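To be precise, the following lines are run.txt, and they hold compact mmCIF, C-alpha atoms.
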```
# COMPACT_ATOMS: atom_id res chain seq x y z
CA MET A 1 143.89 76.81 151.93
CA THR A 2 147.52 75.90 151.13
CA MET A 3 147.51 72.83 153.37
CA ALA A 4 144.26 71.66 151.79
CA MET A 5 145.88 72.03 148.35
CA TRP A 6 148.84 69.94 149.52
CA GLY A 7 146.35 67.25 150.54
CA TYR A 8 145.23 66.92 146.91
CA VAL A 9 148.83 66.94 145.69
CA ILE A 10 149.88 64.20 148.14
CA LEU A 11 146.81 62.13 147.25
CA ALA A 12 147.57 62.37 143.51
CA TYR A 13 151.29 61.63 143.85
CA GLY A 14 150.59 58.77 146.30
CA ILE A 15 148.06 57.08 144.04
CA VAL A 16 150.17 57.48 140.88
CA TRP A 17 153.46 56.22 142.28
CA GLY A 18 151.70 53.55 144.34
CA ALA A 19 149.88 52.21 141.28
CA ILE A 20 153.04 52.25 139.15
CA LEU A 21 154.94 50.42 141.89
CA LEU A 22 152.18 47.81 142.19
CA TYR A 23 152.22 47.26 138.41
CA ALA A 24 156.04 46.95 138.40
CA VAL A 25 155.90 44.38 141.23
CA ALA A 26 153.14 42.40 139.48
CA LEU A 27 155.13 42.46 136.22
CA LYS A 28 158.25 41.28 138.03
CA ARG A 29 156.28 38.35 139.54
CA ARG A 30 154.91 37.32 136.13
CA TYR A 31 158.43 37.64 134.71
CA ARG A 32 159.91 35.45 137.48
CA ALA A 33 157.16 32.84 137.06
CA ALA A 34 157.90 32.63 133.31
CA GLU A 35 161.65 32.33 134.01
CA HIS A 36 161.02 29.48 136.47
CA GLU A 37 158.74 27.71 134.00
CA LEU A 38 161.37 27.98 131.26
CA GLN A 39 164.00 26.63 133.63
CA ARG A 40 161.70 23.76 134.64
CA LEU A 41 161.09 22.85 130.99
CA SER A 42 164.83 22.95 130.27
CA ASP A 43 165.56 20.67 133.25
CA ALA A 44 162.80 18.25 132.18
CA LYS A 45 164.17 18.12 128.63
CA GLU A 46 167.70 17.54 129.91
CA PHE A 47 166.42 14.77 132.19
CA GLN A 48 164.64 13.07 129.26
CA GLU A 49 167.77 13.26 127.08
CA HIS A 50 169.88 11.69 129.86
CA ALA A 51 167.28 8.97 130.35
CA LYS A 52 167.35 8.18 126.61
CA ALA A 53 171.14 8.06 126.59
CA MET B 1 176.01 37.32 124.90
CA PRO B 2 173.01 39.24 123.42
CA GLN B 3 171.10 38.45 126.67
CA VAL B 4 173.91 40.02 128.74
CA THR B 5 173.90 43.13 126.52
CA GLY B 6 170.11 43.32 126.82
CA LYS B 7 170.28 43.06 130.62
CA LYS B 8 172.98 45.75 130.74
CA ARG B 9 170.89 48.03 128.54
CA LYS B 10 167.85 47.48 130.76
CA GLY B 11 170.01 48.24 133.83
CA ILE B 12 171.18 51.54 132.35
CA LEU B 13 167.59 52.41 131.36
CA GLY B 14 166.39 51.54 134.88
CA ALA B 15 169.08 53.70 136.52
CA ALA B 16 168.35 56.66 134.20
CA THR B 17 164.62 56.28 134.94
CA LEU B 18 165.23 56.36 138.69
CA VAL B 19 167.42 59.48 138.42
CA PHE B 20 164.77 61.32 136.38
CA ILE B 21 161.94 60.21 138.72
CA ILE B 22 163.83 61.60 141.73
CA ALA B 23 164.71 64.80 139.85
CA GLY B 24 161.08 65.11 138.71
CA LEU B 25 159.77 64.75 142.27
CA TYR B 26 162.27 67.35 143.50
CA TRP B 27 161.42 69.87 140.75
CA GLY B 28 157.69 69.19 140.88
CA LEU B 29 157.19 69.24 144.65
CA ILE B 30 159.98 71.51 145.92
CA LYS B 31 161.86 73.57 143.32
CA ALA B 32 159.03 74.80 141.08
CA PRO B 33 157.02 77.70 142.54
CA PRO B 34 153.26 77.34 143.11
CA ASP B 35 150.98 78.66 140.39
CA ALA B 36 149.77 82.25 140.90
CA TYR B 37 146.08 81.30 140.59
CA GLN B 38 145.81 77.61 141.49
CA GLY B 39 148.46 77.51 144.21
CA ASP B 40 150.07 74.16 145.00
CA SER B 41 147.32 72.04 143.43
CA GLN B 42 148.84 72.94 140.04
CA ARG B 43 151.74 70.58 140.94
CA ILE B 44 149.45 67.73 139.84
CA MET B 45 150.12 69.00 136.29
CA TYR B 46 153.63 67.48 136.51
CA LEU B 47 151.97 64.05 136.67
CA HIS B 48 148.87 64.73 134.59
CA ILE B 49 150.45 65.92 131.31
CA PRO B 50 153.32 63.35 131.29
CA SER B 51 150.84 60.51 132.00
CA ILE B 52 148.50 61.38 129.15
CA LEU B 53 151.36 61.98 126.68
CA THR B 54 152.84 58.61 127.68
CA ALA B 55 149.42 56.99 127.19
CA TYR B 56 149.21 58.58 123.70
CA LEU B 57 152.69 57.23 122.89
CA SER B 58 151.60 53.81 124.11
CA PHE B 59 148.46 53.74 121.99
CA PHE B 60 150.46 54.94 118.98
CA LEU B 61 152.61 51.81 119.45
CA VAL B 62 149.41 49.73 119.69
CA PHE B 63 148.28 51.30 116.40
CA LEU B 64 151.67 50.66 114.77
CA GLY B 65 151.92 47.08 116.05
CA SER B 66 148.31 46.37 115.03
CA CYS B 67 148.77 47.72 111.47
CA LEU B 68 151.99 45.72 111.06
CA TYR B 69 150.35 42.58 112.42
CA LEU B 70 147.39 42.83 110.05
CA TRP B 71 149.81 43.38 107.17
CA LYS B 72 152.60 40.88 107.90
CA ARG B 73 151.01 38.52 110.47
CA GLU B 74 154.13 38.42 112.60
CA LYS B 75 153.68 37.52 116.27
CA ARG B 76 156.35 40.07 117.26
CA ASP B 77 154.12 42.98 116.13
CA ASP B 78 151.12 41.54 117.95
CA ASN B 79 153.20 41.22 121.13
CA LEU B 80 154.22 44.88 120.84
CA ALA B 81 150.58 45.97 120.49
CA HIS B 82 149.48 43.80 123.43
CA ALA B 83 152.28 44.98 125.75
CA ALA B 84 151.78 48.64 124.81
CA ALA B 85 147.99 48.37 125.37
CA GLU B 86 148.46 46.99 128.87
CA ILE B 87 150.76 49.83 129.95
CA GLY B 88 148.65 52.40 128.05
CA VAL B 89 145.60 51.37 130.11
CA LEU B 90 147.58 51.96 133.31
CA PHE B 91 148.67 55.47 132.26
CA THR B 92 145.21 56.43 130.97
CA ALA B 93 143.55 55.30 134.22
CA LEU B 94 146.14 57.31 136.18
CA THR B 95 145.50 60.38 133.98
CA ILE B 96 141.78 60.22 134.77
CA ILE B 97 142.42 59.78 138.51
CA GLU B 98 144.93 62.68 138.62
CA GLY B 99 142.58 64.86 136.59
CA SER B 100 139.75 64.09 138.98
CA ILE B 101 141.86 65.00 142.03
CA TRP B 102 143.04 68.21 140.31
CA GLY B 103 139.49 69.02 139.19
CA ARG B 104 138.10 69.04 142.75
CA PRO B 105 139.97 72.16 144.00
CA THR B 106 140.06 73.82 140.54
CA TRP B 107 136.55 73.25 139.16
CA GLY B 108 134.79 72.27 142.38
CA VAL B 109 133.85 68.80 141.11
CA TRP B 110 135.57 65.39 140.95
CA TRP B 111 134.04 64.61 137.56
CA THR B 112 132.02 66.33 134.85
CA TRP B 113 130.75 65.02 131.49
CA ASP B 114 133.02 67.40 129.63
CA ALA B 115 133.95 66.40 126.04
CA ARG B 116 137.64 65.81 126.78
CA LEU B 117 137.03 63.89 129.99
CA THR B 118 134.33 61.76 128.42
CA LEU B 119 136.45 60.95 125.34
CA THR B 120 139.38 60.00 127.60
CA ALA B 121 137.08 57.70 129.60
CA ILE B 122 135.94 56.15 126.29
CA LEU B 123 139.62 55.63 125.33
CA LEU B 124 140.16 53.79 128.61
CA LEU B 125 137.06 51.63 128.11
CA ILE B 126 138.08 50.75 124.52
CA PHE B 127 141.48 49.50 125.67
CA ILE B 128 140.09 47.67 128.72
CA GLY B 129 137.84 45.96 126.15
CA TYR B 130 140.96 45.26 124.05
CA LEU B 131 142.63 43.47 126.99
CA MET B 132 139.44 41.57 127.85
CA LEU B 133 139.09 40.45 124.24
CA ARG B 134 142.62 39.08 124.32
CA ALA B 135 141.97 37.28 127.58
CA LEU B 136 138.60 35.79 126.61
CA VAL B 137 139.00 34.64 122.98
CA GLU B 138 140.74 31.26 123.02
CA ASP B 139 141.78 31.13 119.35
CA GLU B 140 145.00 33.17 119.51
CA SER B 141 145.09 34.17 115.87
CA ARG B 142 141.47 35.33 115.96
CA ALA B 143 142.05 37.22 119.21
CA ALA B 144 145.11 38.95 117.71
CA SER B 145 143.27 39.98 114.52
CA SER B 146 140.18 41.26 116.35
CA ALA B 147 142.32 43.07 118.92
CA ALA B 148 144.39 44.66 116.11
CA ILE B 149 141.21 46.10 114.53
CA LEU B 150 140.02 47.37 117.93
CA GLY B 151 143.49 48.82 118.63
CA ILE B 152 143.41 50.81 115.38
CA ILE B 153 139.86 52.09 116.06
CA GLY B 154 140.82 52.97 119.66
CA PHE B 155 143.81 55.01 118.52
CA LEU B 156 141.50 57.17 116.37
CA ASP B 157 139.96 58.50 119.60
CA ILE B 158 143.20 60.35 120.42
CA PRO B 159 142.90 63.11 117.76
CA LEU B 160 139.30 63.58 118.94
CA ILE B 161 140.49 63.98 122.55
CA HIS B 162 143.13 66.48 121.48
CA MET B 163 140.78 68.57 119.33
CA SER B 164 137.78 68.30 121.69
CA VAL B 165 138.73 71.51 123.53
CA TYR B 166 138.58 73.43 120.23
CA TRP B 167 135.49 71.74 118.76
CA TRP B 168 133.24 71.84 121.83
CA ARG B 169 132.69 74.33 124.63
CA THR B 170 134.41 72.54 127.50
CA LEU B 171 135.50 73.10 131.07
CA HIS B 172 138.94 71.65 130.32
CA GLN B 173 141.59 74.19 129.38
CA PRO B 174 143.11 74.17 125.86
CA PRO B 175 146.45 72.33 125.39
CA SER B 176 149.48 73.94 127.04
CA ILE B 177 152.14 72.01 125.11
CA LEU B 178 150.82 70.61 121.86
CA ARG B 179 149.18 73.69 120.37
CA PRO B 180 149.66 74.96 116.83
CA ASP B 181 149.71 78.71 117.59
CA LYS B 182 152.34 78.90 120.37
CA VAL B 183 155.58 77.24 121.42
CA PRO B 184 155.51 75.84 125.01
CA TRP B 185 157.90 78.44 126.50
CA GLU B 186 155.59 81.27 125.40
CA ASN B 187 152.78 79.64 127.29
CA ILE B 188 154.33 78.43 130.57
CA HIS B 189 156.85 80.03 132.93
CA PRO B 190 160.37 78.52 132.34
CA GLU B 191 160.59 77.12 135.91
CA LEU B 192 157.26 75.34 135.55
CA LEU B 193 158.20 74.17 132.06
CA THR B 194 161.51 72.73 133.34
CA ALA B 195 159.67 70.72 136.03
CA LEU B 196 157.22 69.51 133.42
CA ALA B 197 160.00 68.54 130.96
CA ILE B 198 161.94 66.56 133.62
CA ASN B 199 158.79 64.70 134.65
CA PHE B 200 157.92 64.02 131.02
CA VAL B 201 161.37 62.48 130.40
CA ALA B 202 160.96 60.42 133.62
CA PHE B 203 157.60 59.06 132.44
CA VAL B 204 158.88 58.23 128.94
CA LEU B 205 161.94 56.43 130.36
CA LEU B 206 159.72 54.58 132.85
CA TYR B 207 157.40 53.65 130.02
CA PHE B 208 160.18 52.13 127.92
CA TYR B 209 161.60 50.35 130.98
CA LEU B 210 158.22 48.72 131.71
CA LEU B 211 157.63 48.01 128.02
CA SER B 212 161.00 46.26 127.60
CA HIS B 213 160.18 43.93 130.52
CA ARG B 214 156.62 43.35 129.32
CA LEU B 215 157.91 42.48 125.82
CA ARG B 216 160.47 40.05 127.24
CA LEU B 217 157.66 38.42 129.23
CA SER B 218 155.71 37.89 125.98
CA GLU B 219 158.80 36.36 124.36
CA MET B 220 159.29 33.99 127.28
CA ARG B 221 155.64 32.93 127.13
CA GLU B 222 156.04 32.19 123.40
CA GLU B 223 159.11 30.13 124.21
CA ILE B 224 157.23 28.19 126.92
CA LYS B 225 154.41 27.42 124.47
CA ALA B 226 156.87 26.30 121.79
CA ARG B 227 158.73 24.02 124.23
CA ARG B 228 155.50 22.48 125.51
CA MET B 229 154.49 21.68 121.92
CA ASN B 230 157.77 19.84 121.28
```
Output the file's structure as structure tokens, nothing else.
Amino acid sequence: MTMAMWGYVILAYGIVWGAILLYAVALKRRYRAAEHELQRLSDAKEFQEHAKA
Amino acid sequence: MPQVTGKKRKGILGAATLVFIIAGLYWGLIKAPPDAYQGDSQRIMYLHIPSILTAYLSFFLVFLGSCLYLWKREKRDDNLAHAAAEIGVLFTALTIIEGSIWGRPTWGVWWTWDARLTLTAILLLIFIGYLMLRALVEDESRAASSAAILGIIGFLDIPLIHMSVYWWRTLHQPPSILRPDKVPWENIHPELLTALAINFVAFVLLYFYLLSHRLRLSEMREEIKARRMN
């Protein structure tokens, strides 16, 4: 009885923390991609300014 | 300089979140005693109540951001509503999953069309619709206005969810925390209440940690769009 109850508890805690971790990782990836894109745009702008000069 | 301060603040928030998550797991799984009637399955409560309260907080921010956007038309408010909706959907989905797992040993079923459960599922569907609307409508201003209206309507489901256990005969128990006739410590044993409080703080901190990163992501995307236009 008690072990069966622990099965439900472990399942719930596993799914919750697993899902939150997955969301945090996905958010971090989107965040990194945006940072890289911003950096790329800055570099491109700098390159254009140098070319003009 | 403000970026450095922001990063430092996020670091402190992240560290505090981690400490409370570990403390919450310790109190919830080890320190708190099992419930006299439900046994160890009651430990799911330490996830279930914090998740739904965090989802309510999230949808309140959607409501606030949506009202402000419709009033002032500032992108910042729309970004807040959008970010809060995304995280709110996550916490609502988790609440339903936890409830289902807890329901199996307690009620004998994974799901029942009980008023509270059904209204919570409707809340989830409304905000999944909100996110789909934002993804599918190309005209940004139109998407933001329509989503703001849907966000306000969706938030109105929360008082219905809360009151459903009083208004209808349901399988779900009445509220343990947010009830008008009793204070929480009259209703729950102090050791169980402590575990619940620590987990609630952990979830709220985690929520604001995720929200701060999600908001920064929106800002960066705005910046990318602005730079591409120039």
- request: Take atom CA of B:Ile87 and atom CA of A:Leu22 and report the distance between them in Å, one decimal.
  value: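 Separation between atom CA of B:Ile87 and atom CA of A:Leu22: 12.5 Å.
Checking B:Asp181, B:Glu98, B:Glu186, B:Asp35 one by one against chain A, counting only C-alpha atoms, you find the shortest gap at B:Glu98.
Around B:Leu215, within 10 Å and counting all atoms listed in the file, the residues found are B:Arg76, B:Asn79, B:Leu80, B:Ala81, B:His82, B:Ala83, B:Ala84, B:Leu210, B:Leu211, B:Ser212, B:Ser218, B:Glu219, B:Met220, B:Arg221, once anything fewer than 3 positions away on its own chain is removed.
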message: Please determine, counting only C-alpha atoms, which residue among B:Phe60, B:Leu70, B:Met163, B:Leu90 has the shortest atom-to-atom distance to A:Leu21.
response: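 Checking each candidate against A:Leu21, we get B:Leu90 as the closest.
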message: Set the cut-off to 10 Å and count only C-alpha atoms: what are the residues of chain B that reach chain A? Output as a VMD selection string.
response: chain B and resid 25 29 34 38 to 48 51 87 90 to 91 93 to 95 97 to 106 206 209 to 210 213 to 214 216 to 221 223 to 225 227 to 228 230
Please give the centre and size of the box around stretch 147-165 of chain B (axis-aligned, containing every atom listed in the file, 6 Å added per side), with values in Å to one decimal and written as JSON.
```
{"center_x": 141.1, "center_y": 57.3, "center_z": 119.0, "size_x": 18.6, "size_y": 40.4, "size_z": 21.0}
```
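For B:Phe155, the residues within 10 Å (counting only C-alpha atoms, excluding itself and residues fewer than 5 positions away along the chain) are Tyr56, Ser58, Phe59, Phe60, Leu61, Val62, Phe63, Leu64, Leu123, Ile126, Phe127, Leu150 and Leu160 of chain B.
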Dump C-alpha atoms for the selected residues as a PDB file, in the frame of the given file?
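Wrote it out as out-v5.pdb, contents follow:
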```
ATOM      1  CA  TYR B  56     149.210  58.580 123.700  1.00  0.00           C
ATOM      2  CA  SER B  58     151.600  53.810 124.110  1.00  0.00           C
ATOM      3  CA  PHE B  59     148.460  53.740 121.990  1.00  0.00           C
ATOM      4  CA  PHE B  60     150.460  54.940 118.980  1.00  0.00           C
ATOM      5  CA  LEU B  61     152.610  51.810 119.450  1.00  0.00           C
ATOM      6  CA  VAL B  62     149.410  49.730 119.690  1.00  0.00           C
ATOM      7  CA  PHE B  63     148.280  51.300 116.400  1.00  0.00           C
ATOM      8  CA  LEU B  64     151.670  50.660 114.770  1.00  0.00           C
ATOM      9  CA  LEU B 123     139.620  55.630 125.330  1.00  0.00           C
ATOM     10  CA  ILE B 126     138.080  50.750 124.520  1.00  0.00           C
ATOM     11  CA  PHE B 127     141.480  49.500 125.670  1.00  0.00           C
ATOM     12  CA  LEU B 150     140.020  47.370 117.930  1.00  0.00           C
ATOM     13  CA  LEU B 160     139.300  63.580 118.940  1.00  0.00           C
TER      14      LEU B 160
END
```
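The space between atom CA of B:Ile21 and atom CA of B:Ala202 spans 5.2 Å.
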Straight-line distance linking atom CA of B:Arg134 with atom CA of B:Ile122, stated in Å to one decimal: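 One can read the atom CA of B:Arg134 to atom CA of B:Ile122 distance as 18.4 Å.
Using all atoms listed in the file, the contacts of stretch 138-148 of chain B at a cut-off of 7 Å, with sequence neighbours closer than 4 positions omitted, comprise Ser66, Leu70, Asp78, Tyr130, Leu133, Arg134 and Ile152 of chain B.
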